[in-house]
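Undergrad: As input, take query11.cif (mmCIF, C-alpha atoms):
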data_work
#
loop_
_atom_site.label_atom_id
_atom_site.label_comp_id
_atom_site.auth_asym_id
_atom_site.auth_seq_id
_atom_site.Cartn_x
_atom_site.Cartn_y
_atom_site.Cartn_z
CA MET A 269 0.00 0.00 0.00
CA SER A 270 2.99 2.31 0.46
CA GLU A 271 4.03 2.01 -3.22
CA ASN A 272 1.16 4.00 -4.69
CA THR A 273 1.72 5.75 -8.02
CA PHE A 274 -0.89 8.40 -7.25
CA PRO A 275 -1.33 10.92 -4.41
CA VAL A 276 -3.53 9.93 -1.50
CA TYR A 277 -5.94 12.78 -0.87
CA LYS A 278 -7.46 13.89 2.40
CA LEU A 279 -10.99 12.88 3.26
CA ASP A 280 -12.29 16.45 2.99
CA VAL A 281 -10.97 16.72 -0.57
CA ILE A 282 -12.42 13.31 -1.45
CA VAL A 283 -15.82 14.23 0.01
CA THR A 284 -15.99 17.55 -1.91
CA PHE A 285 -14.91 15.80 -5.13
CA VAL A 286 -17.50 13.05 -4.70
CA ARG A 287 -20.24 15.57 -3.97
CA THR A 288 -19.39 17.68 -7.05
CA GLU A 289 -18.32 15.08 -9.63
CA VAL A 290 -19.95 11.73 -8.74
CA PHE A 291 -23.16 12.28 -6.80
CA THR A 292 -26.05 14.49 -7.90
CA GLY A 293 -29.15 15.87 -6.26
CA GLN A 294 -30.12 14.54 -2.87
CA GLU A 295 -27.28 12.01 -2.79
CA ALA A 296 -24.73 14.84 -2.97
CA LYS A 297 -26.51 16.69 -0.18
CA HIS A 298 -26.74 13.70 2.15
CA PHE A 299 -23.19 12.43 1.54
CA SER A 300 -20.76 13.74 4.18
CA LYS A 301 -17.51 12.95 5.92
CA ASN A 302 -19.41 10.95 8.56
CA ASP A 303 -20.07 8.30 5.88
CA LEU A 304 -16.31 7.60 5.71
CA THR A 305 -15.10 8.30 9.23
CA PRO A 306 -14.54 6.97 11.86
CA SER A 307 -15.80 3.71 10.33
CA PRO A 308 -17.05 3.81 6.71
CA LYS A 309 -20.65 2.81 6.17
CA PRO A 310 -20.88 -0.16 3.81
CA GLU A 311 -24.13 1.12 2.22
CA SER A 312 -22.58 4.53 1.41
CA VAL A 313 -19.39 2.96 0.02
CA GLN A 314 -21.38 0.49 -2.12
CA ARG A 315 -23.63 3.27 -3.43
CA LEU A 316 -20.53 5.40 -4.21
CA TYR A 317 -18.94 2.55 -6.19
CA MET A 318 -22.20 2.00 -8.06
CA ARG A 319 -22.32 5.69 -9.05
CA VAL A 320 -18.66 5.56 -10.21
CA LEU A 321 -19.47 2.55 -12.41
CA GLN A 322 -22.53 4.38 -13.75
CA LEU A 323 -20.41 7.47 -14.51
CA LEU A 324 -17.75 5.49 -16.38
CA TYR A 325 -19.59 2.56 -17.98
CA ARG A 326 -23.26 3.73 -17.96
CA PHE A 327 -24.00 0.71 -15.75
CA ARG A 328 -27.04 1.73 -13.75
CA PRO A 329 -27.35 0.71 -10.09
CA GLU A 330 -30.53 -1.33 -10.68
CA CYS A 331 -28.62 -3.50 -13.16
CA HIS A 332 -26.53 -4.88 -10.27
CA PHE A 333 -29.64 -6.54 -8.85
CA MET A 334 -30.50 -8.42 -12.06
CA VAL A 335 -28.79 -11.81 -12.43
CA PRO A 336 -30.13 -14.81 -14.33
CA LEU A 337 -31.35 -17.47 -11.87
CA SER A 338 -31.83 -21.16 -12.50
CA GLU A 339 -35.30 -22.58 -12.38
CA ASN A 340 -34.24 -25.22 -9.89
CA ILE A 341 -33.07 -22.63 -7.30
CA GLN A 342 -35.39 -22.57 -4.40
CA TYR A 343 -36.17 -19.37 -2.57
CA PRO A 344 -34.58 -16.84 -5.05
CA ALA A 345 -35.33 -14.00 -2.64
CA PHE A 346 -32.39 -15.19 -0.54
CA TYR A 347 -29.99 -14.20 -3.37
CA GLU A 348 -31.19 -10.60 -3.81
CA TRP A 349 -28.77 -9.09 -1.27
CA THR A 350 -25.67 -10.99 -2.38
CA THR A 351 -26.34 -10.41 -6.09
CA SER A 352 -25.74 -6.64 -5.99
CA ILE A 353 -22.65 -6.97 -3.78
CA MET A 354 -21.05 -9.63 -6.00
CA SER A 355 -21.87 -7.62 -9.14
CA VAL A 356 -20.24 -4.47 -7.69
CA TYR A 357 -17.29 -6.52 -6.48
CA LEU A 358 -16.68 -8.11 -9.90
CA ARG A 359 -17.01 -4.78 -11.76
CA MET A 360 -14.69 -3.03 -9.33
CA ARG A 361 -12.17 -5.85 -9.66
CA GLN A 362 -12.18 -5.21 -13.41
CA PHE A 363 -12.06 -1.42 -13.09
CA LEU A 364 -9.59 -0.72 -10.24
CA PRO A 365 -6.45 -2.12 -11.99
CA ILE A 366 -6.91 0.77 -14.46
CA CYS A 367 -6.54 3.09 -11.43
CA TYR A 368 -3.42 1.14 -10.29
CA VAL A 369 -5.26 -0.38 -7.33
CA TYR A 370 -4.67 -4.13 -7.31
CA ASP A 371 -5.60 -5.29 -3.80
CA PHE A 372 -9.37 -4.79 -3.82
CA SER A 373 -11.17 -7.44 -1.81
CA LEU A 374 -14.72 -8.32 -0.84
CA ASN A 375 -14.03 -7.08 2.66
CA ASP A 376 -13.69 -3.54 1.23
CA LEU A 377 -17.40 -3.68 0.41
CA LEU A 378 -18.75 -5.53 3.44
CA ALA A 379 -16.53 -4.07 6.18
CA PRO A 380 -14.51 -1.17 4.68
CA LYS A 381 -11.67 0.52 6.54
CA VAL A 382 -10.86 4.21 6.49
CA LYS A 383 -7.30 4.04 5.16
CA LYS A 384 -7.99 1.44 2.48
CA THR A 385 -11.16 3.26 1.36
CA ALA A 386 -9.25 6.56 1.16
CA ILE A 387 -6.56 4.91 -1.03
CA ILE A 388 -9.17 3.35 -3.35
CA LEU A 389 -11.11 6.61 -3.64
CA SER A 390 -7.85 8.54 -4.26
CA GLY A 391 -7.03 6.18 -7.14
CA ILE A 392 -10.54 6.62 -8.58
CA MET A 393 -10.28 10.39 -8.11
CA ASN A 394 -6.89 10.47 -9.89
CA PHE A 395 -8.32 8.44 -12.78
CA LEU A 396 -11.37 10.72 -13.04
CA HIS A 397 -9.08 13.80 -13.14
CA PHE A 398 -7.06 12.15 -15.92
CA ARG A 399 -10.28 11.20 -17.78
CA LYS A 400 -11.63 14.76 -17.52
CA GLN A 401 -8.34 16.22 -18.80
CA ARG A 402 -8.25 13.83 -21.75
CA MET A 403 -11.88 14.53 -22.57
CA GLU A 404 -11.13 18.28 -22.60
CA MET A 405 -8.14 17.66 -24.91
CA ALA A 406 -10.27 15.53 -27.20
CA GLN A 407 -12.95 18.24 -27.20
CA GLU A 408 -10.29 20.87 -28.07
CA HIS A 409 -9.06 18.64 -30.93
CA GLN A 410 -12.62 18.27 -32.17
CA GLU A 411 -13.21 22.04 -31.99
CA ARG A 412 -9.90 22.68 -33.77
CA PHE A 413 -10.83 20.13 -36.40
CA ARG A 414 -14.22 21.80 -36.87
CA SER A 415 -12.58 25.25 -37.17
CA ASP A 416 -10.06 23.84 -39.66
CA MET A 417 -12.87 22.31 -41.64
CA ASP A 418 -14.75 25.64 -41.60
CA ARG A 419 -11.59 27.47 -42.67
CA LEU A 420 -10.99 24.85 -45.37
CA GLN A 421 -14.52 25.32 -46.64
CA ALA A 422 -14.07 29.12 -46.57
CA CYS A 423 -10.71 28.85 -48.41
CA SER A 424 -12.13 26.47 -51.00
CA LYS A 425 -15.09 28.82 -51.43
CA GLY A 426 -12.72 31.82 -51.81
CA ILE A 427 -10.60 29.86 -54.30
CA LYS A 428 -13.67 29.00 -56.33
CA GLU A 429 -14.80 32.63 -56.29
CA ALA A 430 -11.28 33.77 -57.32
CA GLU A 431 -11.23 31.22 -60.13
CA LYS A 432 -14.62 32.47 -61.27
CA LYS A 433 -13.32 36.08 -61.15
CA ILE A 434 -10.21 35.07 -63.12
CA GLU A 435 -12.35 33.31 -65.69
CA ARG A 436 -14.71 36.29 -65.85
CA LEU A 437 -11.75 38.69 -66.30
CA THR A 438 -9.82 36.55 -68.78
CA THR A 439 -12.69 35.26 -70.87
CA ILE A 440 -14.36 37.59 -73.35
CA PRO A 441 -18.09 37.24 -73.88
CA PRO A 442 -19.06 35.85 -77.31
CA GLU A 443 -20.99 38.98 -78.23
CA GLN A 444 -17.87 41.09 -77.62
CA GLN A 445 -15.27 38.82 -79.19
CA ALA A 446 -15.58 40.40 -82.67
CA GLU A 447 -15.30 43.88 -81.16
CA ALA A 448 -12.33 42.73 -79.07
CA LYS A 449 -10.63 41.35 -82.19
CA GLU A 450 -11.27 44.65 -84.03
CA LEU A 451 -9.94 46.61 -81.06
CA ALA A 452 -6.87 44.36 -80.90
CA ALA A 453 -6.24 44.85 -84.64
CA ALA A 454 -6.81 48.63 -84.35
CA LEU A 455 -4.49 48.70 -81.32
CA ALA A 456 -1.81 46.87 -83.30
CA ASP A 457 -2.22 49.30 -86.20
CA LEU A 458 -2.08 52.27 -83.84
CA GLN A 459 1.04 50.89 -82.23
CA THR A 460 2.73 50.50 -85.63
CA ASN A 461 1.54 53.97 -86.74
CA THR A 462 2.66 55.54 -83.49
CA MET A 463 6.05 53.88 -83.85
CA HIS A 464 6.41 55.31 -87.35
CA GLU A 465 5.17 58.72 -86.24
CA TYR A 466 7.51 58.61 -83.24
CA GLN A 467 10.36 57.99 -85.65
CA GLU A 468 9.18 60.81 -87.95
CA VAL A 469 8.72 63.17 -84.98
CA ASN A 470 12.18 62.32 -83.76
CA GLY A 471 13.59 63.06 -87.26
CA ILE A 472 11.64 66.37 -87.39
CA LYS A 473 12.86 67.29 -83.94
CA GLU A 474 16.42 66.60 -85.01
CA THR A 475 16.01 68.79 -88.15
CA ILE A 476 14.34 71.52 -86.05
CA ALA A 477 17.23 71.40 -83.65
CA GLU A 478 19.70 71.67 -86.57
CA TRP A 479 17.70 74.60 -88.02
CA LYS A 480 17.60 76.28 -84.64
CA THR A 481 21.35 75.94 -84.37
CA GLU A 482 21.77 77.38 -87.90
CA ILE A 483 19.34 80.26 -87.08
CA ALA A 484 21.26 80.96 -83.91
CA GLU A 485 24.55 80.93 -85.79
CA ARG A 486 23.22 83.25 -88.53
CA SER A 487 21.59 85.55 -86.00
CA GLN A 488 24.96 85.72 -84.26
CA LYS A 489 26.60 86.46 -87.61
CA LEU A 490 24.00 89.22 -88.32
CA THR A 491 24.56 90.81 -84.95
CA GLN A 492 28.29 90.54 -85.52
CA MET A 493 27.88 92.08 -88.97
CA LYS A 494 25.71 94.87 -87.50
CA VAL A 495 28.37 95.49 -84.90
CA ASP A 496 31.00 95.49 -87.63
CA VAL A 497 28.91 97.96 -89.69
CA SER A 498 28.49 100.27 -86.72
CA THR A 499 32.21 100.04 -85.99
CA LEU A 500 32.96 100.69 -89.64
CA LYS A 501 30.68 103.71 -89.61
CA GLU A 502 32.46 105.04 -86.57
CA ASP A 503 35.82 104.33 -88.22
CA ILE A 504 34.62 106.07 -91.38
CA GLY A 505 33.52 109.11 -89.40
CA LYS A 506 36.84 109.17 -87.62
CA LEU A 507 38.75 108.74 -90.88
CA LYS A 508 36.71 111.42 -92.53
CA SER A 509 37.72 113.81 -89.86
CA GLN A 510 41.37 112.80 -90.09
CA ILE A 511 41.94 112.22 -93.79
CA VAL A 512 41.87 114.96 -96.43
CA GLU A 513 39.30 113.98 -98.92
CA SER A 514 40.39 113.34 -102.49
CA PRO A 515 37.66 112.80 -105.06
CA GLU A 516 39.15 109.69 -106.54
CA GLU A 517 39.72 107.92 -103.28
CA LEU A 518 36.36 109.05 -102.14
CA ASN A 519 34.74 107.58 -105.20
CA ASN A 520 36.67 104.39 -104.79
CA GLN A 521 35.66 104.14 -101.18
CA MET A 522 32.09 105.00 -102.07
CA GLU A 523 32.07 102.27 -104.67
CA LYS A 524 33.56 99.88 -102.18
CA MET A 525 30.99 100.96 -99.69
CA LYS A 526 28.21 100.51 -102.26
CA ASN A 527 29.52 97.09 -103.11
CA SER A 528 29.68 96.18 -99.46
CA VAL A 529 26.16 97.59 -98.95
CA LYS A 530 24.93 95.58 -101.92
CA ASN A 531 26.60 92.53 -100.51
CA LEU A 532 25.05 93.25 -97.14
CA LYS A 533 21.60 93.77 -98.74
CA LEU A 534 22.00 90.51 -100.66
CA SER A 535 23.04 88.72 -97.52
CA ILE A 536 20.12 90.34 -95.64
CA GLU A 537 17.73 89.37 -98.43
CA GLN A 538 19.12 85.85 -98.37
CA ALA A 539 18.79 85.84 -94.57
CA ASP A 540 15.21 87.12 -94.89
CA GLU A 541 14.41 84.45 -97.42
CA ARG A 542 16.04 81.90 -95.18
CA LEU A 543 14.07 83.29 -92.24
CA VAL A 544 10.82 83.03 -94.21
CA GLU A 545 11.70 79.47 -95.09
CA LEU A 546 12.50 78.82 -91.45
CA GLN A 547 9.21 80.45 -90.41
CA ASN A 548 7.36 78.24 -92.87
CA THR A 549 9.20 75.24 -91.52
CA VAL A 550 8.39 76.40 -87.98
CA GLN A 551 4.72 76.70 -88.91
CA THR A 552 4.81 73.23 -90.39
CA VAL A 553 6.60 72.09 -87.26
CA THR A 554 3.91 73.70 -85.04
CA HIS A 555 1.22 72.09 -87.20
CA ASN A 556 3.08 68.81 -86.86
CA GLU A 557 3.40 69.46 -83.14
CA ALA A 558 -0.40 69.95 -82.90
CA GLU A 559 -0.88 66.67 -84.76
CA ILE A 560 1.72 65.14 -82.51
CA GLN A 561 -0.21 66.49 -79.50
CA LEU A 562 -3.34 64.81 -80.82
CA MET A 563 -1.39 61.64 -81.40
CA TYR A 564 0.11 62.08 -77.93
CA LYS A 565 -3.38 62.35 -76.45
CA LEU A 566 -4.39 59.24 -78.35
CA LEU A 567 -1.24 57.58 -77.11
CA GLN A 568 -2.06 58.70 -73.58
CA ASP A 569 -5.54 57.21 -73.97
CA LEU A 570 -3.93 54.05 -75.27
CA GLN A 571 -1.44 54.22 -72.41
CA SER A 572 -4.30 54.57 -69.91
CA GLY A 573 -6.04 51.63 -71.60
CA MET A 574 -2.77 49.71 -71.51
CA ASN A 575 -2.37 50.69 -67.86
CA THR A 576 -5.87 49.49 -67.06
CA THR A 577 -5.19 46.26 -68.94
CA LYS A 578 -1.84 46.05 -67.15
CA GLU A 579 -3.56 46.66 -63.82
CA ARG A 580 -6.11 44.00 -64.66
CA HIS A 581 -3.27 41.73 -65.71
CA GLU A 582 -1.54 42.49 -62.41
CA GLU A 583 -4.80 41.82 -60.60
CA VAL A 584 -5.07 38.57 -62.51
CA GLN A 585 -1.47 37.75 -61.57
CA GLU A 586 -2.17 38.69 -57.95
CA LEU A 587 -5.29 36.57 -58.02
CA ALA A 588 -3.28 33.77 -59.60
CA ALA A 589 -0.60 34.18 -56.90
CA LEU A 590 -3.33 34.27 -54.26
CA ASN A 591 -4.88 31.24 -55.93
CA GLU A 592 -1.52 29.44 -55.80
CA LYS A 593 -1.09 30.49 -52.17
CA GLN A 594 -4.58 29.33 -51.33
CA GLN A 595 -3.93 26.15 -53.31
CA LYS A 596 -0.83 25.58 -51.17
CA GLU A 597 -2.84 26.34 -48.05
CA LEU A 598 -5.53 24.05 -49.42
CA LYS A 599 -2.92 21.33 -49.93
CA ASN A 600 -1.59 21.92 -46.42
CA LEU A 601 -5.12 21.89 -45.09
CA GLY A 602 -5.76 18.80 -47.19
CA THR A 603 -2.74 17.08 -45.64
CA GLU A 604 -3.87 18.24 -42.20
CA GLU A 605 -7.36 17.08 -43.07
CA CYS A 606 -5.96 13.71 -44.19
CA GLN A 607 -4.00 13.45 -40.96
CA LEU A 608 -7.02 14.51 -38.94
CA LYS A 609 -9.19 12.13 -40.97
CA ARG A 610 -6.73 9.35 -40.30
CA ALA A 611 -6.68 10.23 -36.62
CA GLN A 612 -10.46 10.58 -36.70
CA ALA A 613 -10.73 7.29 -38.59
CA MET A 614 -8.46 5.58 -36.08
CA LYS A 615 -10.44 7.14 -33.29
CA LEU A 616 -13.70 6.16 -34.99
CA ASP A 617 -12.34 2.64 -35.49
CA LYS A 618 -11.49 2.48 -31.82
CA GLN A 619 -14.85 3.98 -30.95
CA THR A 620 -16.63 1.58 -33.31
CA LYS A 621 -14.71 -1.34 -31.85
CA GLN A 622 -15.50 -0.12 -28.36
CA GLN A 623 -19.07 0.51 -29.48
CA LEU A 624 -19.24 -2.99 -30.95
CA ARG A 625 -17.80 -4.42 -27.76
CA ARG A 626 -20.22 -2.38 -25.73
CA GLN A 627 -23.00 -3.36 -28.11
CA ARG A 628 -22.06 -7.01 -27.76
CA LYS A 629 -21.81 -6.67 -24.01
CA LYS A 630 -25.07 -4.79 -24.03
CA GLU A 631 -26.68 -7.44 -26.25
CA ILE A 632 -25.31 -10.15 -23.96
CA LYS A 633 -26.54 -8.23 -20.95
CA ASP A 634 -29.87 -7.54 -22.66
CA HIS A 635 -30.06 -11.21 -23.58
CA GLN A 636 -29.20 -12.13 -20.02
CA ILE A 637 -31.69 -9.56 -18.78
CA GLN A 638 -34.28 -10.95 -21.19
CA ASP A 639 -33.45 -14.44 -19.98
CA VAL A 640 -33.67 -13.22 -16.40
CA LEU A 641 -36.90 -11.43 -17.17
CA GLY A 642 -38.17 -14.53 -18.97
CA GLN A 643 -37.10 -16.69 -16.06
CA CYS A 644 -38.59 -14.15 -13.68
CA ASP A 645 -41.78 -14.21 -15.75
CA GLN A 646 -41.72 -17.99 -15.66
CA VAL A 647 -41.07 -17.88 -11.90
CA TYR A 648 -43.82 -15.32 -11.52
CA GLN A 649 -46.11 -17.46 -13.66
CA LYS A 650 -45.18 -20.50 -11.62
CA ARG A 651 -45.64 -18.46 -8.49
CA GLU A 652 -49.01 -17.33 -9.77
CA GLY A 653 -49.86 -20.92 -10.68
CA ILE A 654 -48.66 -22.09 -7.29
CA ALA A 655 -50.54 -19.23 -5.68
CA ASP A 656 -53.65 -20.25 -7.63
CA LYS A 657 -53.10 -23.82 -6.59
CA ILE A 658 -52.53 -22.68 -3.01
CA GLN A 659 -55.71 -20.65 -3.20
CA GLU A 660 -57.55 -23.64 -4.64
CA ILE A 661 -56.02 -25.82 -1.92
CA THR A 662 -56.96 -23.25 0.70
CA ARG A 663 -60.43 -23.18 -0.77
CA ASP A 664 -60.53 -26.97 -0.78
CA THR A 665 -59.14 -27.04 2.76
CA GLN A 666 -61.70 -24.47 3.80
CA GLN A 667 -64.41 -26.54 2.13
CA ILE A 668 -62.97 -29.69 3.67
CA ARG A 669 -62.74 -27.93 6.99
CA SER A 670 -66.32 -26.75 6.61
CA LYS A 671 -67.33 -30.29 5.61
CA MET A 672 -65.25 -31.66 8.47
CA GLN A 673 -66.89 -29.18 10.76
CA ASN A 674 -70.28 -30.24 9.47
CA LEU A 675 -69.27 -33.87 9.77
CA MET A 676 -67.92 -33.16 13.24
CA ASP A 677 -71.18 -31.54 14.10
CA GLU A 678 -73.11 -34.48 12.61
CA CYS A 679 -70.69 -36.88 14.27
CA SER A 680 -71.17 -35.11 17.57
CA LYS A 681 -74.89 -35.33 17.02
CA GLU A 682 -74.63 -39.01 16.05
CA THR A 683 -72.29 -39.65 18.96
CA ASN A 684 -74.76 -37.97 21.24
CA LYS A 685 -77.50 -40.06 19.71
CA ALA A 686 -75.29 -43.14 19.94
CA GLN A 687 -74.38 -42.24 23.51
CA ALA A 688 -78.03 -41.90 24.29
CA LEU A 689 -78.73 -45.18 22.52
CA TYR A 690 -75.75 -46.70 24.27
CA GLU A 691 -76.98 -45.50 27.59
CA ARG A 692 -80.48 -46.73 26.75
CA LEU A 693 -79.01 -50.03 25.59
CA LEU A 694 -76.93 -50.24 28.75
CA GLY A 695 -80.02 -49.52 30.82
CA SER A 696 -82.06 -52.06 28.84
CA LEU A 697 -79.16 -54.55 29.08
CA ASP A 698 -78.96 -54.01 32.84
CA GLN A 699 -82.70 -54.58 33.05
CA PHE A 700 -82.33 -57.57 30.75
CA HIS A 701 -79.48 -58.94 32.85
CA LYS A 702 -81.53 -58.36 35.96
CA ARG A 703 -84.46 -60.13 34.35
CA ILE A 704 -82.17 -62.95 33.26
CA GLU A 705 -80.81 -63.22 36.79
CA ASN A 706 -84.32 -63.21 38.11
CA HIS A 707 -85.33 -65.89 35.59
CA VAL A 708 -82.15 -67.82 36.47
CA VAL A 709 -82.93 -67.51 40.15
CA GLU A 710 -86.50 -68.48 39.56
CA GLY A 711 -85.39 -71.36 37.28
CA SER A 712 -82.90 -72.55 39.84
CA ASP A 713 -85.54 -72.36 42.51
CA GLU A 714 -87.93 -74.30 40.29
CA ILE A 715 -85.27 -76.87 39.52
CA SER A 716 -84.41 -77.21 43.17
CA LYS A 717 -88.10 -77.60 43.95
CA MET A 718 -88.46 -80.13 41.16
CA ILE A 719 -85.44 -81.98 42.44
CA ALA A 720 -86.87 -81.83 45.93
CA ASN A 721 -90.17 -83.11 44.67
CA LEU A 722 -88.49 -85.94 42.89
#
Just give me the structure as structure tokens.

TA:
Amino acid sequence: MSENTFPVYKLDVIVTFVRTEVFTGQEAKHFSKNDLTPSPKPESVQRLYMRVLQLLYRFRPECHFMVPLSENIQYPAFYEWTTSIMSVYLRMRQFLPICYVYDFSLNDLLAPKVKKTAIILSGIMNFLHFRKQRMEMAQEHQERFRSDMDRLQACSKGIKEAEKKIERLTTIPPEQQAEAKELAAALADLQTNTMHEYQEVNGIKETIAEWKTEIAERSQKLTQMKVDVSTLKEDIGKLKSQIVESPEELNNQMEKMKNSVKNLKLSIEQADERLVELQNTVQTVTHNEAEIQLMYKLLQDLQSGMNTTKERHEEVQELAALNEKQQKELKNLGTEECQLKRAQAMKLDKQTKQQLRRQRKKEIKDHQIQDVLGQCDQVYQKREGIADKIQEITRDTQQIRSKMQNLMDECSKETNKAQALYERLLGSLDQFHKRIENHVVEGSDEISKMIANL
């Protein structure tokens, strides 16, 4: 007893545990420490063990009193008290090794002791704590499995909705397929045209830049020439003031000046013509720029359309990535589900096996109970038959007694009559004997007289 693998609790703790976990209703109210100390009451201990068996195996207390009896057993009422005790004893002998209590005896039911009862109840209490903890863990696993199944259903539903969205975004309706093909062809043409126009615009921009550089160079040359002319005029004024004028030199210089003026006018005319040409080119360039702006707007619209298509494509890619992620999660959940299904299947197999065993035991017990009930019915029928026979016998005995009483009365009457007759006969016999004696005396006297006469 000292090598227990479980803690031995105090009686107060055991009593509170029994009142909260084992007993219910009035039994919990009436059960107290006085039922275990100073000497445990056998009825309380037996009732406590019955409730423990009911809590664990659904074996009701009234089932302990039902045992199949043989027909040849006389006085079955004598076995009613021992039947329940032996049933509880056998069940507890099967159950207590699970609680690591191996020395349970019949004396622990009939005359329990405080220390031994405390050890047995501590083992049962330890096992019930362990059972409650495991049941909570199993309930948590079931709740987690249900939440995983709900999440799996939600994920599969979300994946289906995403696949439907992807199909709805990627597939073109049949009534819009022709328009989509036309738009795709027009978009391809626009892209090719825009590429060509981009190339032309780039060439025009390069020529405009070259013309601008030429215009800047010529404008610089004009300004330089104007500066040179102004400097020459100043030099001429200075030279006129310094040099004595001779008509020939003056004419020569005038001719030179005229030639230079003509050259300048020609160069200015050429520059004006070039400027007009450049202005025309600039106008054409501005017109081209306006067309380019229109094309740029169209390109921007196309770019916005491309951006929207790109965004949709990105959304499709994101949805595809999310679909892949959810597919992976679905696979993981599927593996978890398989594992949980395997665990659940193993558990269900165990439960089905246990259920089958319980069902078999229950069928055997039901069969035994039916046999017992049948035997009890037969016993009751026999008892009823015997009771009927006993009643008939009692009736017959009563009738016989009444007849006997009548006969006794008649016999008493007859005996009285016979007694009277007997007494009368005795009286008549006495008289007869007296008469006979008298006749004998008279005869003897006559004989003696006759002898004397002879």

Undergrad: Leaving out Lys480 (chain A) and any residue of its chain fewer than 5 positions from it, which residues lie within 10 Å of it when counting all atoms listed in the file, given as a PDB file with C-alpha atoms, in the coordinates of the input?

TA:
ATOM      1  CA  GLU A 474      16.420  66.600 -85.010  1.00  0.00           C
ATOM      2  CA  THR A 475      16.010  68.790 -88.150  1.00  0.00           C
ATOM      3  CA  GLU A 485      24.550  80.930 -85.790  1.00  0.00           C
ATOM      4  CA  ARG A 486      23.220  83.250 -88.530  1.00  0.00           C
ATOM      5  CA  LEU A 546      12.500  78.820 -91.450  1.00  0.00           C
ATOM      6  CA  VAL A 550       8.390  76.400 -87.980  1.00  0.00           C
TER       7      VAL A 550
END

Undergrad: Using Å and a single decimal, report how far CA of Ala558 (chain A) sits from CA of Ala484 (chain A).

TA: 24.3 Å

Undergrad: Closest to Val313 (chain A) among A:Asp503, A:Asp376, A:Glu691, A:Asp664, using all atoms listed in the file?

TA: A:Asp376

Undergrad: Mind pulling up the distance from CA of Leu420 (chain A) to CA of Leu587 (chain A)?

TA: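 Taking CA of Leu587 (chain A) and CA of Leu420 (chain A), their separation equals 18.2 Å.
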
Undergrad: As an exercise, work out the distance from CA of Ser487 (chain A) to CA of Lys501 (chain A) in Å and give it to one decimal place.

TA: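 That distance, rounded to one decimal, is 20.6 Å.
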
Undergrad: Excluding same-chain residues fewer than 4 positions from His397 (chain A), what lies within 12 Å of it counting only C-alpha atoms, as a PyMOL selection string?

TA: chain A and resi 274+285-286+289-290+367+390-393+401-404

Undergrad: What lies within 12 Å of region 358-361 of chain A using only C-alpha atoms, ignoring chain neighbours under 6 positions off, as a PyMOL selection string?

TA: chain A and resi 314+316-322+324-325+327+329+331-332+351-352+367-374+376-377+388-389+392

Undergrad: Specify as an NGL selection string each residue included when the PyMOL selection byres ((chain A and resi 595) around 12) is applied to this file.

TA: :A and (420 or 423-428 or 430-431 or 587-594 or 596-603)

Undergrad: Between A:Gly471, A:Pro365, A:Gly653, A:Pro380, which residue has the minimum interatomic distance to Ser312 (chain A), considering all atoms listed in the file?

TA: A:Pro380

Undergrad: Taking only C-alpha atoms into account, name the residue in A:Gln619, A:Glu582, A:Ile366, A:Ser300 that is nearest to Phe398 (chain A).

TA: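 Among A:Gln619, A:Glu582, A:Ile366, A:Ser300, it is A:Ile366 that comes nearest to Phe398 (chain A).
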